[in-house]
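A.B. asks: Next comes model-v3.cif, mmCIF, C-alpha atoms and all ligand atoms:
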```cif
data_structure
#
loop_
_atom_site.label_atom_id
_atom_site.label_comp_id
_atom_site.auth_asym_id
_atom_site.auth_seq_id
_atom_site.Cartn_x
_atom_site.Cartn_y
_atom_site.Cartn_z
CA MET A 1 87.08 173.42 170.81
CA ALA A 2 87.47 170.35 168.61
CA LEU A 3 84.89 168.58 170.76
CA LYS A 4 82.44 171.49 170.37
CA ARG A 5 82.71 171.44 166.58
CA LYS A 6 82.15 167.67 166.55
CA SER A 7 79.15 168.04 168.86
CA LYS A 8 77.47 170.42 166.40
CA GLU A 9 78.00 167.99 163.51
CA PHE A 10 76.89 165.02 165.59
CA LYS A 11 73.37 163.64 165.24
CA TRP A 12 71.62 161.90 168.15
CA HIS A 13 70.08 158.59 167.09
CA ASN A 14 69.23 156.68 170.26
CA LYS A 15 65.61 156.44 171.39
CA HIS A 16 66.73 155.26 174.85
CA LEU A 17 69.02 156.69 177.52
CA LEU A 18 70.11 153.71 179.60
CA GLY A 19 73.52 154.74 180.91
CA LEU A 20 76.57 156.93 180.32
CA ARG A 21 79.07 154.07 180.13
CA GLU A 22 77.96 153.38 176.56
CA LEU A 23 78.01 157.02 175.41
CA SER A 24 80.96 158.75 173.76
CA ALA A 25 82.29 162.16 174.80
CA GLU A 26 80.62 163.57 171.65
CA GLU A 27 77.24 162.14 172.62
CA ILE A 28 77.50 163.46 176.18
CA THR A 29 78.58 166.88 174.89
CA TYR A 30 75.68 166.88 172.45
CA ILE A 31 73.17 166.32 175.27
CA LEU A 32 74.80 169.10 177.33
CA ASP A 33 74.71 171.50 174.37
CA THR A 34 71.05 170.63 173.75
CA ALA A 35 70.28 171.25 177.44
CA LYS A 36 71.90 174.69 177.19
CA GLY A 37 69.36 175.58 174.51
CA PHE A 38 66.50 174.54 176.81
CA GLU A 39 67.69 176.50 179.84
CA GLN A 40 66.06 179.76 178.77
CA ILE A 41 62.55 178.22 178.54
CA SER A 42 62.44 178.17 182.34
CA THR A 43 63.18 181.90 182.50
CA ARG A 44 60.29 182.96 180.22
CA SER A 45 56.95 184.21 181.58
CA VAL A 46 55.27 181.32 179.70
CA LYS A 47 57.49 178.35 180.58
CA LYS A 48 56.40 176.07 177.75
CA ALA A 49 57.63 174.92 174.36
CA PRO A 50 55.79 172.59 171.95
CA PRO A 51 58.25 169.79 170.94
CA LEU A 52 56.48 166.98 172.84
CA ARG A 53 52.90 168.16 172.24
CA GLY A 54 50.63 165.10 171.89
CA LYS A 55 53.23 162.77 173.43
CA VAL A 56 52.70 160.82 176.65
CA VAL A 57 55.47 160.38 179.21
CA VAL A 58 55.09 157.92 182.11
CA ASN A 59 57.13 158.32 185.28
CA LEU A 60 57.42 154.65 186.30
CA PHE A 61 59.01 154.91 189.76
CA PHE A 62 59.49 151.71 191.78
CA GLU A 63 61.68 153.55 194.33
CA ASP A 64 61.14 156.83 196.17
CA SER A 65 62.33 160.06 194.61
CA THR A 66 61.87 163.79 195.08
CA ARG A 67 64.29 165.52 192.69
CA THR A 68 64.37 163.12 189.73
CA ARG A 69 60.65 162.41 189.55
CA ILE A 70 59.54 166.03 189.90
CA SER A 71 62.26 167.21 187.54
CA PHE A 72 61.18 164.73 184.84
CA SER A 73 57.51 165.72 185.38
CA LEU A 74 58.34 169.38 185.04
CA ALA A 75 60.59 168.74 182.03
CA ALA A 76 57.79 166.82 180.25
CA ASN A 77 55.35 169.59 181.16
CA ARG A 78 57.60 172.34 179.83
CA LEU A 79 57.85 170.45 176.53
CA SER A 80 54.02 170.20 176.39
CA ALA A 81 53.81 166.40 176.87
CA ASP A 82 51.11 164.71 178.92
CA ILE A 83 52.69 163.19 182.03
CA ILE A 84 51.40 160.17 183.95
CA GLU A 85 52.75 159.46 187.43
CA PHE A 86 53.14 155.84 188.50
CA THR A 87 54.35 154.74 191.92
CA LYS A 88 54.76 151.14 193.03
CA LYS A 89 52.60 151.38 196.14
CA ASP A 90 49.52 152.73 194.35
CA SER A 91 49.70 150.25 191.47
CA SER A 92 48.84 146.64 190.67
CA VAL A 93 52.51 145.74 191.28
CA SER A 94 51.37 145.36 194.90
CA LYS A 95 49.06 142.57 193.60
CA GLY A 96 51.95 140.76 191.92
CA GLU A 97 52.00 142.28 188.40
CA THR A 98 55.45 142.06 186.77
CA LEU A 99 57.51 144.98 185.46
CA LEU A 100 57.04 143.82 181.87
CA ASP A 101 53.27 143.34 182.20
CA THR A 102 53.01 146.77 183.81
CA ALA A 103 54.98 148.39 181.00
CA LYS A 104 53.10 146.51 178.24
CA ASN A 105 49.76 147.59 179.74
CA LEU A 106 50.92 151.21 179.82
CA GLU A 107 52.12 150.86 176.24
CA ALA A 108 48.71 149.50 175.24
CA MET A 109 47.34 152.88 176.35
CA GLY A 110 49.64 154.66 173.92
CA ILE A 111 52.58 155.94 175.95
CA ASP A 112 55.61 157.26 174.09
CA ILE A 113 58.36 157.56 176.74
CA VAL A 114 58.89 155.54 179.93
CA VAL A 115 61.07 157.14 182.60
CA ILE A 116 61.92 154.30 184.96
CA ARG A 117 63.52 154.09 188.40
CA HIS A 118 63.95 150.56 189.74
CA SER A 119 65.92 148.82 192.47
CA ALA A 120 67.16 146.20 189.99
CA GLY A 121 70.21 147.16 187.94
CA GLY A 122 69.41 146.48 184.28
CA ALA A 123 65.62 146.98 184.58
CA PRO A 124 65.61 149.92 182.08
CA ARG A 125 67.67 147.91 179.56
CA PHE A 126 65.31 144.95 179.95
CA LEU A 127 62.33 147.22 179.24
CA SER A 128 64.03 148.80 176.23
CA ARG A 129 64.38 145.35 174.66
CA ASN A 130 60.77 144.42 175.24
CA ILE A 131 58.64 147.49 174.54
CA ASN A 132 58.48 149.95 171.64
CA ALA A 133 58.35 153.13 173.71
CA CYS A 134 61.49 155.16 174.46
CA VAL A 135 63.08 154.21 177.79
CA VAL A 136 64.96 156.66 180.02
CA ASN A 137 66.82 155.37 183.07
CA ALA A 138 66.05 157.44 186.18
CA GLY A 139 68.27 155.25 188.38
CA ASP A 140 68.62 151.44 188.42
CA GLY A 141 70.01 149.70 191.49
CA PHE A 142 73.75 150.36 191.92
CA ASN A 143 74.18 150.56 188.16
CA GLU A 144 73.60 154.05 186.73
CA HIS A 145 71.70 157.30 187.17
CA PRO A 146 72.53 158.88 183.80
CA THR A 147 70.57 162.12 184.09
CA GLN A 148 72.22 162.80 187.47
CA GLY A 149 75.63 162.23 185.84
CA LEU A 150 74.67 164.58 183.01
CA LEU A 151 73.40 167.33 185.30
CA ASP A 152 76.54 167.04 187.41
CA VAL A 153 78.88 167.52 184.45
CA TYR A 154 76.55 170.21 183.06
CA THR A 155 76.87 172.13 186.35
CA ILE A 156 80.67 171.85 186.41
CA ARG A 157 80.96 172.82 182.74
CA LYS A 158 78.65 175.80 183.23
CA ILE A 159 80.81 177.16 186.05
CA ARG A 160 84.30 176.12 184.90
CA GLY A 161 83.81 176.07 181.12
CA THR A 162 85.31 172.60 180.76
CA LEU A 163 86.01 169.40 182.68
CA GLU A 164 89.32 168.91 180.88
CA GLY A 165 92.12 168.62 183.44
CA LEU A 166 89.93 168.98 186.55
CA LYS A 167 90.47 166.74 189.57
CA ILE A 168 87.19 165.50 191.06
CA ALA A 169 86.73 163.58 194.32
CA ILE A 170 83.62 161.42 194.71
CA VAL A 171 83.38 160.68 198.41
CA GLY A 172 81.56 158.20 200.60
CA ASP A 173 79.36 155.23 199.87
CA VAL A 174 80.68 154.57 196.37
CA ALA A 175 79.80 150.88 196.47
CA HIS A 176 76.05 151.48 196.56
CA SER A 177 76.04 154.60 194.39
CA ARG A 178 74.66 154.63 190.85
CA VAL A 179 75.44 158.37 190.88
CA ALA A 180 79.15 157.64 191.42
CA ARG A 181 79.18 155.30 188.43
CA SER A 182 77.37 157.66 186.04
CA ASP A 183 79.49 160.60 187.26
CA MET A 184 82.67 158.60 186.76
CA TRP A 185 81.80 157.73 183.15
CA ALA A 186 80.71 161.26 182.24
CA MET A 187 83.54 163.04 184.04
CA THR A 188 86.37 160.85 182.75
CA LYS A 189 85.03 160.86 179.17
CA LEU A 190 85.02 164.68 179.32
CA GLY A 191 88.65 164.75 180.45
CA ALA A 192 88.53 164.98 184.27
CA GLU A 193 90.51 162.85 186.71
CA VAL A 194 88.21 161.10 189.19
CA ILE A 195 89.25 159.92 192.65
CA PHE A 196 86.92 157.66 194.64
CA VAL A 197 87.36 158.37 198.36
CA GLY A 198 85.85 156.34 201.20
CA PRO A 199 86.41 153.42 203.54
CA PRO A 200 87.54 150.19 201.81
CA THR A 201 84.24 148.59 202.86
CA LEU A 202 82.31 151.12 200.75
CA MET A 203 84.37 150.75 197.57
CA PRO A 204 82.93 148.71 194.68
CA ALA A 205 84.46 145.24 194.31
CA GLU A 206 85.39 146.07 190.69
CA VAL A 207 87.10 149.38 191.55
CA GLY A 208 90.49 148.19 190.22
CA ARG A 209 88.99 147.88 186.73
CA LEU A 210 87.42 151.35 186.72
CA PRO A 211 89.06 154.48 185.23
CA VAL A 212 89.55 156.12 188.64
CA LYS A 213 92.12 156.58 191.38
CA VAL A 214 91.20 155.38 194.88
CA SER A 215 91.98 156.99 198.22
CA TYR A 216 90.98 156.12 201.77
CA ASN A 217 92.07 159.50 203.11
CA LEU A 218 89.85 162.54 202.48
CA ASP A 219 92.29 164.89 204.26
CA GLU A 220 94.97 164.13 201.66
CA VAL A 221 92.60 164.47 198.71
CA ILE A 222 90.61 167.57 199.70
CA GLU A 223 93.63 169.89 199.27
CA LYS A 224 94.15 168.84 195.65
CA VAL A 225 90.72 168.69 194.03
CA ASP A 226 88.66 171.22 192.06
CA VAL A 227 85.35 169.54 192.79
CA VAL A 228 84.15 167.36 195.66
CA ASN A 229 80.97 165.36 195.22
CA MET A 230 79.67 164.01 198.53
CA LEU A 231 77.54 160.87 198.34
CA ARG A 232 74.70 159.93 200.61
CA ILE A 233 75.20 156.89 202.82
CA GLN A 234 72.58 154.55 201.38
CA PHE A 235 71.39 153.03 204.65
CA GLU A 236 68.57 151.22 202.83
CA ARG A 237 71.14 149.26 200.77
CA LEU A 238 73.84 148.61 203.40
CA GLY A 239 74.44 145.00 204.37
CA GLY A 240 76.31 144.40 207.65
CA ASN A 241 78.27 147.21 209.31
CA PRO A 242 80.63 148.84 206.79
CA PHE A 243 81.88 151.31 209.42
CA PRO A 244 81.97 151.11 213.24
CA SER A 245 79.71 154.11 213.90
CA ILE A 246 78.19 157.13 212.18
CA ARG A 247 80.39 159.34 214.35
CA GLU A 248 83.53 157.60 213.16
CA TYR A 249 82.39 157.78 209.52
CA SER A 250 81.77 161.54 209.82
CA HIS A 251 85.11 162.03 211.51
CA TYR A 252 87.05 160.46 208.63
CA PHE A 253 84.85 161.11 205.60
CA GLY A 254 82.46 163.97 206.44
CA LEU A 255 82.88 167.29 204.64
CA THR A 256 83.32 169.58 207.62
CA VAL A 257 84.11 173.29 207.86
CA GLU A 258 87.53 172.29 209.19
CA ARG A 259 88.24 170.16 206.10
CA MET A 260 86.94 172.90 203.80
CA ASN A 261 89.59 175.20 205.27
CA LYS A 262 92.23 172.96 203.65
CA ALA A 263 90.48 172.97 200.24
CA LYS A 264 91.09 175.27 197.26
CA SER A 265 89.17 178.52 197.78
CA ASP A 266 87.09 177.96 194.61
CA ILE A 267 86.36 174.25 195.11
CA LEU A 268 82.85 173.25 193.98
CA VAL A 269 80.90 171.30 196.59
CA MET A 270 78.32 168.96 195.10
CA HIS A 271 75.81 166.45 196.44
CA PRO A 272 73.14 164.59 194.45
CA GLY A 273 70.68 164.72 197.37
CA PRO A 274 68.96 163.78 199.51
CA ILE A 275 71.50 165.01 202.07
CA ASN A 276 72.12 163.44 205.46
CA ARG A 277 73.07 166.75 207.14
CA GLY A 278 75.76 166.35 209.77
CA LEU A 279 76.71 162.91 208.49
CA GLU A 280 78.43 163.14 205.09
CA ILE A 281 78.34 166.95 205.04
CA GLU A 282 78.00 169.68 207.67
CA SER A 283 75.12 172.12 207.13
CA GLU A 284 77.49 175.11 207.00
CA VAL A 285 79.24 173.47 204.04
CA ALA A 286 76.07 172.27 202.29
CA ASP A 287 74.69 175.83 202.46
CA GLY A 288 78.06 177.56 202.13
CA LYS A 289 79.55 179.74 199.38
CA ASN A 290 81.21 176.84 197.54
CA SER A 291 78.05 174.73 197.43
CA VAL A 292 76.39 174.26 194.02
CA ILE A 293 73.91 171.69 195.31
CA LEU A 294 70.79 173.67 194.39
CA GLU A 295 72.30 174.70 191.05
CA GLN A 296 72.60 170.97 190.31
CA VAL A 297 68.85 170.64 190.89
CA THR A 298 68.05 173.65 188.67
CA ASN A 299 70.29 172.36 185.88
CA GLY A 300 68.65 168.94 186.09
CA LEU A 301 65.51 170.39 184.56
CA ALA A 302 67.22 171.58 181.35
CA VAL A 303 69.17 168.32 181.10
CA ARG A 304 65.99 166.23 181.43
CA MET A 305 64.20 168.40 178.87
CA ALA A 306 67.09 167.71 176.49
CA VAL A 307 66.97 163.97 177.13
CA LEU A 308 63.20 163.72 176.59
CA PHE A 309 63.48 165.84 173.46
CA LEU A 310 66.34 163.80 171.98
CA VAL A 311 64.91 160.32 172.61
CA ASN A 312 61.56 161.42 171.19
CA GLN A 313 63.26 162.87 168.10
CA ALA A 314 65.24 159.65 167.58
CA ALA A 315 62.05 157.57 167.89
CA ALA A 316 60.28 159.78 165.34
CA GLU A 317 63.19 159.43 162.89
CA SER A 318 63.33 155.62 163.29
CA ARG A 319 59.65 155.19 162.30
N1 LIG A 401 69.48 162.74 193.21
C1 LIG A 401 68.37 161.97 193.22
O1 LIG A 401 68.25 160.99 192.48
O2 LIG A 401 67.41 162.38 194.12
P1 LIG A 401 65.98 161.69 194.27
O3 LIG A 401 66.22 160.31 194.84
O4 LIG A 401 65.21 162.59 195.19
O5 LIG A 401 65.38 161.61 192.90
#
```
Hey, can you dump this file as structure tokens for me?

C.D. replies:
Amino acid sequence: MALKRKSKEFKWHNKHLLGLRELSAEEITYILDTAKGFEQISTRSVKKAPPLRGKVVVNLFFEDSTRTRISFSLAANRLSADIIEFTKKDSSVSKGETLLDTAKNLEAMGIDIVVIRHSAGGAPRFLSRNINACVVNAGDGFNEHPTQGLLDVYTIRKIRGTLEGLKIAIVGDVAHSRVARSDMWAMTKLGAEVIFVGPPTLMPAEVGRLPVKVSYNLDEVIEKVDVVNMLRIQFERLGGNPFPSIREYSHYFGLTVERMNKAKSDILVMHPGPINRGLEIESEVADGKNSVILEQVTNGLAVRMAVLFLVNQAAAESR
């Protein structure tokens, strides 16, 4: 309750969203509360509101995406912004143009908000220091994926009311997961206990310095947790052989129907997508009664509307 009162008094002042590590519980709660207000726009017959009318949002995606890119496009659309789609393969990046030159050229055309996904951790922060437009991180390397972290805690809060006191397992390829890092910051700041679960070879080197518990045994953890968030094995980022075979990985760390039988009956099953069905999660579980995977996607829209709205408002107030 105290947090809710503070959130109402709180004023957002940042024209960028670069990560959740640097945000306070009040700031995260403020974004979630703002998103709640935007949820009903998507249920109207005319799914539009005017706050970003006349503004230009660029989706600057240097890596593939389905959910995040379309969700940001739709969010910008619902807020009446003009949205420009940029993908690496159709751009002059393929001719050697740098990230900064690309962004400065877009800025010269009058863009207001850059939503960037990049394989290099820190690329959004670099842009935010070198251009005037608002910068929103849509996933940078292994570093952060703040809107995924926000939509994950939004989904849990919507169903459970609070994250305070919940036990949450984040399972799988934690080492290569920006989602795991953003989730960890958001979930722990909102009062949950986070347990990273996976083989030692897929744990981040700095795990001992993070505010999490670590387990290498999913069977022990699954019985105790309120939420399990299954991560995708990021084959495109794996170096070497972190596990002997896919079959062995699934045997020890896959979320199977058999493992779900040991879990609490109301456990929430999450996955950021895209899913490797049959590898980190069995289809019956991904589509089962405890799964909130598609609710995560739906909630992402309201969260991204809130983020675009807030950074634009902060930019307007700083002029
Ligand atoms: N969760 C997520 O970031 O999905 P996409 O890669 O499809 O955007």

A.B. asks: Kindly indicate which residue among A:Asn132, A:Asn105, A:Ser91, A:Thr147 lies nearest to Leu301 (chain A), using all atoms listed in the file for the distances.

C.D. replies: A:Thr147

A.B. asks: Which residue out of A:Thr34, A:Asn137, A:Asn312, A:Ser94 has the minimum interatomic distance to ligand LIG 401 (chain A) when only C-alpha atoms and all ligand atoms are used?

C.D. replies: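 Smallest separation from ligand LIG 401 (chain A) among the options: A:Asn137.
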
A.B. asks: CA of Gly273 (chain A) and atom O3 of ligand LIG 401 (chain A), how far apart in Å?

C.D. replies: 6.8 Å

A.B. asks: Write out as CSV a residue-level contact list of chain A versus ligand LIG 401 (chain A) with cut-off 10 Å: for each qualifying residue the closest pair of atoms and the distance in Å to one decimal, counting all atoms listed in the file, rows sorted by chain and residue number upward.

C.D. replies:
```
residue,atom,partner,partner_atom,distance
A:Phe61,CA,A:LIG401,O5,9.8
A:Glu63,CA,A:LIG401,O3,8.2
A:Asp64,CA,A:LIG401,O3,6.3
A:Ser65,CA,A:LIG401,O5,3.8
A:Thr66,CA,A:LIG401,O4,3.6
A:Arg67,CA,A:LIG401,O4,4.0
A:Thr68,CA,A:LIG401,O5,3.7
A:Arg69,CA,A:LIG401,O5,5.9
A:Ile70,CA,A:LIG401,O5,7.9
A:Ser71,CA,A:LIG401,O5,8.4
A:Phe72,CA,A:LIG401,O5,9.6
A:Arg117,CA,A:LIG401,O5,9.0
A:Ala138,CA,A:LIG401,O1,7.6
A:Gly139,CA,A:LIG401,O1,7.1
A:His145,CA,A:LIG401,O1,7.3
A:Pro146,CA,A:LIG401,O1,9.9
A:Thr147,CA,A:LIG401,O1,8.8
A:Gln148,CA,A:LIG401,N1,6.4
A:Gly149,CA,A:LIG401,N1,9.6
A:Leu151,CA,A:LIG401,N1,10.0
A:Arg178,CA,A:LIG401,O1,9.2
A:Val179,CA,A:LIG401,N1,7.7
A:Leu231,CA,A:LIG401,N1,9.7
A:Arg232,CA,A:LIG401,N1,9.5
A:His271,CA,A:LIG401,N1,8.0
A:Pro272,CA,A:LIG401,N1,4.3
A:Gly273,CA,A:LIG401,N1,4.8
A:Pro274,CA,A:LIG401,O2,5.8
A:Ile275,CA,A:LIG401,O2,9.3
A:Gln296,CA,A:LIG401,N1,9.3
A:Val297,CA,A:LIG401,N1,8.3
A:Gly300,CA,A:LIG401,N1,9.5
```

A.B. asks: Rounded to one decimal in Å, what is the spacing between CA of Ala169 (chain A) and CA of Ala192 (chain A)?

C.D. replies: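 Here the two named atoms are 10.3 Å from each other.
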
A.B. asks: Record the distance separating CA of Val292 (chain A) and CA of His176 (chain A), expressed in Å with one decimal.

C.D. replies: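 It comes out at 22.9 Å.
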
A.B. asks: Given all atoms listed in the file as the basis, pick out the residue of A:Leu60, A:Val307, A:Leu268, A:Ala314 nearest to Leu18 (chain A).

C.D. replies: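 Of A:Leu60, A:Val307, A:Leu268, A:Ala314, the one nearest Leu18 (chain A), counting all atoms listed in the file, is A:Val307.
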
A.B. asks: Nearest to Val153 (chain A) among A:Gly141, A:Pro211, A:Gly191, A:Pro50, with distances taken over only C-alpha atoms: which residue is it?

C.D. replies: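 Ranking A:Gly141, A:Pro211, A:Gly191, A:Pro50 by distance to Val153 (chain A), first place goes to A:Gly191.
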
A.B. asks: Counting only C-alpha atoms, which of A:Val114, A:Leu99, A:Leu202, A:Ile28 gets nearest to Ile84 (chain A)?

C.D. replies: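 The answer is A:Val114, which sits nearest to Ile84 (chain A).
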
A.B. asks: Give me the residues within 12 Å of Leu238 (chain A) as a ChimeraX atom specification, counting all atoms listed in the file and dropping any in the same chain fewer than 3 places off.

C.D. replies: /A:142,173-177,201-202,232-235,241-243

A.B. asks: Might you pull out every residue within 9 Å of Ala315 (chain A), with all atoms listed in the file counted and same-chain residues fewer than 3 positions away left off, and present them as a list in words?

C.D. replies: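 Near Ala315 (chain A), the qualifying residues are His13, Asn14, Lys15, His16, Asp112, Ala133, Cys134, Leu310, Val311, Asn312, Ser318 and Arg319 of chain A.
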
A.B. asks: Please determine, counting all atoms listed in the file, which residue among A:Val57, A:Ile41, A:Ile168, A:Ile159 has the shortest atom-to-atom distance to Val136 (chain A).

C.D. replies: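 The shortest atom-to-atom distance to Val136 (chain A) comes from A:Val57.
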
A.B. asks: Name the residues, using the chain letters and numbers of the file, that sit within 9 Å of (84.0, 175.5, 193.8) when counting all atoms listed in the file, and give them as a short mmCIF file (atom, residue, chain, number, x, y, z; two decimals) with C-alpha atoms, in the frame of the given file.

C.D. replies:
```
data_model
loop_
_atom_site.label_atom_id
_atom_site.label_comp_id
_atom_site.auth_asym_id
_atom_site.auth_seq_id
_atom_site.Cartn_x
_atom_site.Cartn_y
_atom_site.Cartn_z
CA ILE A 156 80.67 171.85 186.41
CA ILE A 159 80.81 177.16 186.05
CA ARG A 160 84.30 176.12 184.90
CA ASP A 226 88.66 171.22 192.06
CA VAL A 227 85.35 169.54 192.79
CA VAL A 228 84.15 167.36 195.66
CA LYS A 264 91.09 175.27 197.26
CA SER A 265 89.17 178.52 197.78
CA ASP A 266 87.09 177.96 194.61
CA ILE A 267 86.36 174.25 195.11
CA LEU A 268 82.85 173.25 193.98
CA VAL A 269 80.90 171.30 196.59
CA MET A 270 78.32 168.96 195.10
CA LYS A 289 79.55 179.74 199.38
CA ASN A 290 81.21 176.84 197.54
CA SER A 291 78.05 174.73 197.43
CA VAL A 292 76.39 174.26 194.02
#
```

A.B. asks: Pull the neighbourhood of (53.2, 144.0, 179.1) for me: all residues within 12 Å in file coordinates, counting only C-alpha atoms, as a list in words.

C.D. replies: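 Protein and nucleic acid residues near the point are Glu97, Thr98, Leu99, Leu100, Asp101, Thr102, Ala103, Lys104, Asn105, Leu106, Glu107, Ala108, Met109, Leu127, Asn130, Ile131, Asn132 and Ala133 of chain A.
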
A.B. asks: Put those residues in a file: C-alpha atoms, as an mmCIF file, in the coordinates of the input.

C.D. replies:
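Saved result, again.cif, follows:
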```cif
data_model
loop_
_atom_site.group_PDB
_atom_site.id
_atom_site.type_symbol
_atom_site.label_atom_id
_atom_site.label_comp_id
_atom_site.auth_asym_id
_atom_site.auth_seq_id
_atom_site.Cartn_x
_atom_site.Cartn_y
_atom_site.Cartn_z
ATOM 1 C CA GLU A 97 52.000 142.280 188.400
ATOM 2 C CA THR A 98 55.450 142.060 186.770
ATOM 3 C CA LEU A 99 57.510 144.980 185.460
ATOM 4 C CA LEU A 100 57.040 143.820 181.870
ATOM 5 C CA ASP A 101 53.270 143.340 182.200
ATOM 6 C CA THR A 102 53.010 146.770 183.810
ATOM 7 C CA ALA A 103 54.980 148.390 181.000
ATOM 8 C CA LYS A 104 53.100 146.510 178.240
ATOM 9 C CA ASN A 105 49.760 147.590 179.740
ATOM 10 C CA LEU A 106 50.920 151.210 179.820
ATOM 11 C CA GLU A 107 52.120 150.860 176.240
ATOM 12 C CA ALA A 108 48.710 149.500 175.240
ATOM 13 C CA MET A 109 47.340 152.880 176.350
ATOM 14 C CA LEU A 127 62.330 147.220 179.240
ATOM 15 C CA ASN A 130 60.770 144.420 175.240
ATOM 16 C CA ILE A 131 58.640 147.490 174.540
ATOM 17 C CA ASN A 132 58.480 149.950 171.640
ATOM 18 C CA ALA A 133 58.350 153.130 173.710
#
```

A.B. asks: As an mmCIF file, in the coordinates of the input, please: region 168-183 of chain A completed to N, CA, C and O atoms.

C.D. replies:
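Heads up, here's the output in rebuild.cif:
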```cif
data_model
loop_
_atom_site.group_PDB
_atom_site.id
_atom_site.type_symbol
_atom_site.label_atom_id
_atom_site.label_comp_id
_atom_site.auth_asym_id
_atom_site.auth_seq_id
_atom_site.Cartn_x
_atom_site.Cartn_y
_atom_site.Cartn_z
ATOM 1 N N ILE A 168 88.508 165.585 190.398
ATOM 2 C CA ILE A 168 87.190 165.500 191.060
ATOM 3 C C ILE A 168 87.189 164.334 192.050
ATOM 4 O O ILE A 168 87.479 163.194 191.669
ATOM 5 N N ALA A 169 86.867 164.635 193.316
ATOM 6 C CA ALA A 169 86.730 163.580 194.320
ATOM 7 C C ALA A 169 85.260 163.214 194.471
ATOM 8 O O ALA A 169 84.409 164.094 194.598
ATOM 9 N N ILE A 170 84.976 161.923 194.437
ATOM 10 C CA ILE A 170 83.620 161.420 194.710
ATOM 11 C C ILE A 170 83.742 160.630 196.006
ATOM 12 O O ILE A 170 84.490 159.643 196.077
ATOM 13 N N VAL A 171 83.044 161.102 197.044
ATOM 14 C CA VAL A 171 83.380 160.680 198.410
ATOM 15 C C VAL A 171 82.223 159.972 199.099
ATOM 16 O O VAL A 171 81.090 160.485 199.110
ATOM 17 N N GLY A 172 82.528 158.826 199.701
ATOM 18 C CA GLY A 172 81.560 158.200 200.600
ATOM 19 C C GLY A 172 81.190 156.794 200.189
ATOM 20 O O GLY A 172 82.061 155.966 199.904
ATOM 21 N N ASP A 173 79.882 156.571 200.120
ATOM 22 C CA ASP A 173 79.360 155.230 199.870
ATOM 23 C C ASP A 173 79.354 154.953 198.366
ATOM 24 O O ASP A 173 78.303 154.907 197.724
ATOM 25 N N VAL A 174 80.549 154.768 197.825
ATOM 26 C CA VAL A 174 80.680 154.570 196.370
ATOM 27 C C VAL A 174 80.075 153.230 195.955
ATOM 28 O O VAL A 174 79.437 153.113 194.911
ATOM 29 N N ALA A 175 80.235 152.239 196.820
ATOM 30 C CA ALA A 175 79.800 150.880 196.470
ATOM 31 C C ALA A 175 78.327 150.831 196.080
ATOM 32 O O ALA A 175 77.953 150.123 195.146
ATOM 33 N N HIS A 176 77.494 151.577 196.801
ATOM 34 C CA HIS A 176 76.050 151.480 196.560
ATOM 35 C C HIS A 176 75.535 152.628 195.703
ATOM 36 O O HIS A 176 74.325 152.862 195.647
ATOM 37 N N SER A 177 76.440 153.356 195.053
ATOM 38 C CA SER A 177 76.040 154.600 194.390
ATOM 39 C C SER A 177 76.008 154.488 192.865
ATOM 40 O O SER A 177 77.042 154.408 192.209
ATOM 41 N N ARG A 178 74.803 154.547 192.320
ATOM 42 C CA ARG A 178 74.660 154.630 190.850
ATOM 43 C C ARG A 178 75.107 156.016 190.369
ATOM 44 O O ARG A 178 75.561 156.162 189.243
ATOM 45 N N VAL A 179 74.978 157.020 191.244
ATOM 46 C CA VAL A 179 75.440 158.370 190.880
ATOM 47 C C VAL A 179 76.951 158.350 190.656
ATOM 48 O O VAL A 179 77.453 158.913 189.677
ATOM 49 N N ALA A 180 77.682 157.682 191.558
ATOM 50 C CA ALA A 180 79.150 157.640 191.420
ATOM 51 C C ALA A 180 79.540 157.021 190.082
ATOM 52 O O ALA A 180 80.460 157.501 189.410
ATOM 53 N N ARG A 181 78.827 155.972 189.694
ATOM 54 C CA ARG A 181 79.180 155.300 188.430
ATOM 55 C C ARG A 181 78.872 156.192 187.227
ATOM 56 O O ARG A 181 79.700 156.350 186.329
ATOM 57 N N SER A 182 77.684 156.793 187.186
ATOM 58 C CA SER A 182 77.370 157.660 186.040
ATOM 59 C C SER A 182 78.289 158.882 186.018
ATOM 60 O O SER A 182 78.750 159.302 184.950
ATOM 61 N N ASP A 183 78.565 159.448 187.203
ATOM 62 C CA ASP A 183 79.490 160.600 187.260
ATOM 63 C C ASP A 183 80.858 160.200 186.722
ATOM 64 O O ASP A 183 81.467 160.936 185.940
#
```
